[in-house]
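Trainee: Can you read through this structure? Questions will come right after.
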Number of protein chains: 2
Amino acid sequence: MTAYTATVTVRLKRGVLDPEAETTKGALERLGFELEALRAADRFEVDLEAADADAARDRADEMAERLLANPTIHDYDVGVTER
Amino acid sequence: MTAYTATVTVRLKRGVLDPEAETTKGALERLGFELEALRAADRFEVDLEAADADAARDRADEMAERLLANPTIHDYDVGVTER
């Protein structure tokens, strides 16, 4: 077994409104920053042990499917690095 | 001016309690997943135009310092890619 860190990034799908991100963008603009768009995402870093990187990725993928992301409104991607 | 996407990842500093991450870890375990630790972070993807990548990074860095992160409890890092 090898120790991995799987990183799951969960984003709202294109077209899903994100009022929190809009508020953050507005606040940055009021502070004088110039920006065109801002998207917010949740990032989960999961430490786990697995036989190999593919097994770690599969497990993180299943965590995203079952709990971390809501497939109706979210897209996600998974990255795996050895710890 | 070139179009960049700056990615700001905001994490709780080591030692700061994160009950939301603990709850998520517990929920994954109740679903039968094996994991050693889970950390949650906020990720902001900011589209902006800047003279070069260094200028884009500097601006994103200042956004983190002034609004996106709370330096008392958060660490952050900034990545920049051309769009």
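Labels for the structure tokens follow display order: chains A, B, ..., residues from 1 in each chain, ligands from 1.
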Kindly determine which residues of chain A lie within 10 Å of chain B, considering only C-alpha atoms, and give the answer as an MDAnalysis selection string.

Mentor: chainID A and resid 3:11 21 24:25 27:28 31:50 59:60 62:64 66:68

Trainee: Can you provide chain A as a PDB file with C-alpha atoms, in the first residue's frame, superposed onto chain B by least squares across all C-alpha atoms matched in order?

Mentor:
ATOM      1  CA  MET A   1      -2.592  42.851 -22.299  1.00  0.00           C
ATOM      2  CA  THR A   2      -2.935  39.093 -22.101  1.00  0.00           C
ATOM      3  CA  ALA A   3      -5.827  37.109 -20.659  1.00  0.00           C
ATOM      4  CA  TYR A   4      -4.943  34.993 -17.631  1.00  0.00           C
ATOM      5  CA  THR A   5      -6.758  32.817 -15.162  1.00  0.00           C
ATOM      6  CA  ALA A   6      -5.361  33.111 -11.649  1.00  0.00           C
ATOM      7  CA  THR A   7      -6.231  30.321  -9.243  1.00  0.00           C
ATOM      8  CA  VAL A   8      -6.219  31.197  -5.554  1.00  0.00           C
ATOM      9  CA  THR A   9      -6.442  28.246  -3.159  1.00  0.00           C
ATOM     10  CA  VAL A  10      -7.303  29.221   0.410  1.00  0.00           C
ATOM     11  CA  ARG A  11      -6.679  26.670   3.166  1.00  0.00           C
ATOM     12  CA  LEU A  12      -7.031  26.743   6.915  1.00  0.00           C
ATOM     13  CA  LYS A  13      -3.657  26.939   8.637  1.00  0.00           C
ATOM     14  CA  ARG A  14      -2.380  23.794  10.277  1.00  0.00           C
ATOM     15  CA  GLY A  15      -3.839  23.587  13.768  1.00  0.00           C
ATOM     16  CA  VAL A  16      -7.029  25.506  12.977  1.00  0.00           C
ATOM     17  CA  LEU A  17     -10.014  23.245  13.642  1.00  0.00           C
ATOM     18  CA  ASP A  18     -12.195  22.417  10.650  1.00  0.00           C
ATOM     19  CA  PRO A  19     -15.428  20.820  11.872  1.00  0.00           C
ATOM     20  CA  GLU A  20     -16.903  20.801   8.367  1.00  0.00           C
ATOM     21  CA  ALA A  21     -14.026  18.708   7.052  1.00  0.00           C
ATOM     22  CA  GLU A  22     -14.300  16.391  10.060  1.00  0.00           C
ATOM     23  CA  THR A  23     -18.008  15.938   9.350  1.00  0.00           C
ATOM     24  CA  THR A  24     -17.313  15.174   5.689  1.00  0.00           C
ATOM     25  CA  LYS A  25     -14.633  12.660   6.664  1.00  0.00           C
ATOM     26  CA  GLY A  26     -17.056  10.974   9.079  1.00  0.00           C
ATOM     27  CA  ALA A  27     -19.759  10.819   6.415  1.00  0.00           C
ATOM     28  CA  LEU A  28     -17.359   9.194   3.941  1.00  0.00           C
ATOM     29  CA  GLU A  29     -16.358   6.639   6.572  1.00  0.00           C
ATOM     30  CA  ARG A  30     -19.981   5.826   7.264  1.00  0.00           C
ATOM     31  CA  LEU A  31     -20.361   5.166   3.531  1.00  0.00           C
ATOM     32  CA  GLY A  32     -17.577   2.591   3.868  1.00  0.00           C
ATOM     33  CA  PHE A  33     -14.639   4.574   2.474  1.00  0.00           C
ATOM     34  CA  GLU A  34     -11.203   4.251   4.043  1.00  0.00           C
ATOM     35  CA  LEU A  35      -9.282   7.485   4.364  1.00  0.00           C
ATOM     36  CA  GLU A  36      -6.719   8.907   6.752  1.00  0.00           C
ATOM     37  CA  ALA A  37      -7.454  12.599   6.607  1.00  0.00           C
ATOM     38  CA  LEU A  38      -9.526  15.124   4.713  1.00  0.00           C
ATOM     39  CA  ARG A  39      -8.832  18.832   4.330  1.00  0.00           C
ATOM     40  CA  ALA A  40     -11.231  21.268   2.714  1.00  0.00           C
ATOM     41  CA  ALA A  41     -10.127  24.395   0.862  1.00  0.00           C
ATOM     42  CA  ASP A  42     -11.729  27.174  -1.130  1.00  0.00           C
ATOM     43  CA  ARG A  43     -10.582  27.702  -4.658  1.00  0.00           C
ATOM     44  CA  PHE A  44     -11.186  30.909  -6.605  1.00  0.00           C
ATOM     45  CA  GLU A  45     -10.582  31.064 -10.348  1.00  0.00           C
ATOM     46  CA  VAL A  46     -10.191  34.686 -11.388  1.00  0.00           C
ATOM     47  CA  ASP A  47     -10.165  35.687 -15.066  1.00  0.00           C
ATOM     48  CA  LEU A  48      -8.191  38.879 -15.557  1.00  0.00           C
ATOM     49  CA  GLU A  49      -6.136  40.753 -18.111  1.00  0.00           C
ATOM     50  CA  ALA A  50      -2.607  41.779 -17.281  1.00  0.00           C
ATOM     51  CA  ALA A  51       0.605  42.841 -18.989  1.00  0.00           C
ATOM     52  CA  ASP A  52       2.330  39.574 -18.103  1.00  0.00           C
ATOM     53  CA  ALA A  53       2.048  36.543 -15.834  1.00  0.00           C
ATOM     54  CA  ASP A  54       3.929  38.245 -12.992  1.00  0.00           C
ATOM     55  CA  ALA A  55       1.495  41.173 -12.997  1.00  0.00           C
ATOM     56  CA  ALA A  56      -1.447  38.730 -12.992  1.00  0.00           C
ATOM     57  CA  ARG A  57       0.077  36.824 -10.079  1.00  0.00           C
ATOM     58  CA  ASP A  58       0.734  40.028  -8.118  1.00  0.00           C
ATOM     59  CA  ARG A  59      -2.855  41.171  -8.570  1.00  0.00           C
ATOM     60  CA  ALA A  60      -4.264  37.781  -7.510  1.00  0.00           C
ATOM     61  CA  ASP A  61      -1.913  37.800  -4.539  1.00  0.00           C
ATOM     62  CA  GLU A  62      -3.249  41.168  -3.449  1.00  0.00           C
ATOM     63  CA  MET A  63      -6.848  39.945  -3.874  1.00  0.00           C
ATOM     64  CA  ALA A  64      -6.028  37.061  -1.547  1.00  0.00           C
ATOM     65  CA  GLU A  65      -4.383  39.362   1.018  1.00  0.00           C
ATOM     66  CA  ARG A  66      -7.185  41.879   1.024  1.00  0.00           C
ATOM     67  CA  LEU A  67     -10.327  39.778   0.649  1.00  0.00           C
ATOM     68  CA  LEU A  68     -10.164  36.097  -0.261  1.00  0.00           C
ATOM     69  CA  ALA A  69      -8.077  34.890   2.673  1.00  0.00           C
ATOM     70  CA  ASN A  70      -8.038  35.820   6.333  1.00  0.00           C
ATOM     71  CA  PRO A  71      -4.336  35.866   7.264  1.00  0.00           C
ATOM     72  CA  THR A  72      -5.083  34.994  10.886  1.00  0.00           C
ATOM     73  CA  ILE A  73      -6.435  31.557  10.018  1.00  0.00           C
ATOM     74  CA  HIS A  74      -5.679  30.959   6.319  1.00  0.00           C
ATOM     75  CA  ASP A  75      -2.748  30.126   4.097  1.00  0.00           C
ATOM     76  CA  TYR A  76      -3.133  30.560   0.370  1.00  0.00           C
ATOM     77  CA  ASP A  77      -1.302  29.898  -2.851  1.00  0.00           C
ATOM     78  CA  VAL A  78      -1.697  31.436  -6.268  1.00  0.00           C
ATOM     79  CA  GLY A  79      -1.234  29.833  -9.684  1.00  0.00           C
ATOM     80  CA  VAL A  80      -1.492  31.615 -13.015  1.00  0.00           C
ATOM     81  CA  THR A  81      -2.229  30.158 -16.445  1.00  0.00           C
ATOM     82  CA  GLU A  82      -2.703  31.898 -19.771  1.00  0.00           C
ATOM     83  CA  ARG A  83      -6.239  31.658 -21.079  1.00  0.00           C
TER      84      ARG A  83
END

Trainee: Using DSSP assignments from the backbone, pull out every residue in chain A that falls under strand (DSSP E or B) and give it to me as JSON, numbers by chain.

Mentor: {"A": [2, 3, 4, 5, 6, 7, 8, 9, 10, 11, 12, 37, 38, 39, 40, 41, 42, 43, 44, 45, 46, 47, 48, 49, 50, 74, 75, 76, 77, 78, 79, 80, 81, 82]}

Trainee: So which bits of chain A end up alpha helix (DSSP H) when you DSSP the backbone, as a list of chain:residue names?

Mentor: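 Taking chain A and keeping alpha helix (DSSP H) only, one gets A:Pro19, A:Glu20, A:Ala21, A:Glu22, A:Thr23, A:Thr24, A:Lys25, A:Gly26, A:Ala27, A:Leu28, A:Glu29, A:Arg30, A:Ala53, A:Asp54, A:Ala55, A:Ala56, A:Arg57, A:Asp58, A:Arg59, A:Ala60, A:Asp61, A:Glu62, A:Met63.
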
Trainee: Would you mind exporting N, CA and C atoms of the selected residues as an mmCIF file, in the first residue's frame?

Mentor:
data_model
loop_
_atom_site.group_PDB
_atom_site.id
_atom_site.type_symbol
_atom_site.label_atom_id
_atom_site.label_comp_id
_atom_site.auth_asym_id
_atom_site.auth_seq_id
_atom_site.Cartn_x
_atom_site.Cartn_y
_atom_site.Cartn_z
ATOM 1 N N PRO A 19 -24.402 33.019 -6.718
ATOM 2 C CA PRO A 19 -24.483 34.362 -6.134
ATOM 3 C C PRO A 19 -23.313 34.679 -5.201
ATOM 4 N N GLU A 20 -22.748 33.670 -4.563
ATOM 5 C CA GLU A 20 -21.616 33.921 -3.674
ATOM 6 C C GLU A 20 -20.399 34.412 -4.471
ATOM 7 N N ALA A 21 -20.166 33.776 -5.615
ATOM 8 C CA ALA A 21 -19.049 34.215 -6.450
ATOM 9 C C ALA A 21 -19.307 35.609 -7.004
ATOM 10 N N GLU A 22 -20.562 35.896 -7.370
ATOM 11 C CA GLU A 22 -20.887 37.230 -7.871
ATOM 12 C C GLU A 22 -20.640 38.290 -6.793
ATOM 13 N N THR A 23 -21.003 37.947 -5.557
ATOM 14 C CA THR A 23 -20.794 38.878 -4.445
ATOM 15 C C THR A 23 -19.306 39.115 -4.222
ATOM 16 N N THR A 24 -18.517 38.048 -4.287
ATOM 17 C CA THR A 24 -17.070 38.182 -4.104
ATOM 18 C C THR A 24 -16.472 39.035 -5.210
ATOM 19 N N LYS A 25 -16.922 38.789 -6.447
ATOM 20 C CA LYS A 25 -16.430 39.598 -7.574
ATOM 21 C C LYS A 25 -16.757 41.077 -7.358
ATOM 22 N N GLY A 26 -18.006 41.351 -6.930
ATOM 23 C CA GLY A 26 -18.405 42.737 -6.685
ATOM 24 C C GLY A 26 -17.570 43.379 -5.584
ATOM 25 N N ALA A 27 -17.277 42.614 -4.548
ATOM 26 C CA ALA A 27 -16.479 43.150 -3.437
ATOM 27 C C ALA A 27 -15.067 43.474 -3.905
ATOM 28 N N LEU A 28 -14.501 42.606 -4.742
ATOM 29 C CA LEU A 28 -13.148 42.881 -5.269
ATOM 30 C C LEU A 28 -13.173 44.144 -6.133
ATOM 31 N N GLU A 29 -14.216 44.302 -6.930
ATOM 32 C CA GLU A 29 -14.306 45.488 -7.782
ATOM 33 C C GLU A 29 -14.445 46.752 -6.937
ATOM 34 N N ARG A 30 -15.187 46.652 -5.857
ATOM 35 C CA ARG A 30 -15.313 47.831 -4.996
ATOM 36 C C ARG A 30 -13.987 48.190 -4.329
ATOM 37 N N ALA A 53 -1.776 4.271 -7.892
ATOM 38 C CA ALA A 53 -2.410 5.570 -8.142
ATOM 39 C C ALA A 53 -3.793 5.405 -8.763
ATOM 40 N N ASP A 54 -3.953 4.399 -9.627
ATOM 41 C CA ASP A 54 -5.266 4.190 -10.251
ATOM 42 C C ASP A 54 -6.323 3.830 -9.216
ATOM 43 N N ALA A 55 -5.935 2.974 -8.243
ATOM 44 C CA ALA A 55 -6.893 2.604 -7.195
ATOM 45 C C ALA A 55 -7.244 3.823 -6.345
ATOM 46 N N ALA A 56 -6.242 4.679 -6.065
ATOM 47 C CA ALA A 56 -6.506 5.892 -5.280
ATOM 48 C C ALA A 56 -7.462 6.813 -6.035
ATOM 49 N N ARG A 57 -7.212 6.948 -7.352
ATOM 50 C CA ARG A 57 -8.072 7.812 -8.161
ATOM 51 C C ARG A 57 -9.503 7.267 -8.218
ATOM 52 N N ASP A 58 -9.631 5.945 -8.386
ATOM 53 C CA ASP A 58 -10.970 5.349 -8.439
ATOM 54 C C ASP A 58 -11.728 5.591 -7.146
ATOM 55 N N ARG A 59 -11.015 5.449 -6.004
ATOM 56 C CA ARG A 59 -11.715 5.637 -4.731
ATOM 57 C C ARG A 59 -12.143 7.104 -4.571
ATOM 58 N N ALA A 60 -11.258 8.032 -4.938
ATOM 59 C CA ALA A 60 -11.602 9.455 -4.817
ATOM 60 C C ALA A 60 -12.760 9.797 -5.752
ATOM 61 N N ASP A 61 -12.745 9.191 -6.929
ATOM 62 C CA ASP A 61 -13.818 9.392 -7.889
ATOM 63 C C ASP A 61 -15.163 8.958 -7.298
ATOM 64 N N GLU A 62 -15.151 7.815 -6.633
ATOM 65 C CA GLU A 62 -16.388 7.315 -6.044
ATOM 66 C C GLU A 62 -16.835 8.211 -4.881
ATOM 67 N N MET A 63 -15.865 8.727 -4.115
ATOM 68 C CA MET A 63 -16.225 9.674 -3.038
ATOM 69 C C MET A 63 -16.921 10.898 -3.618
#
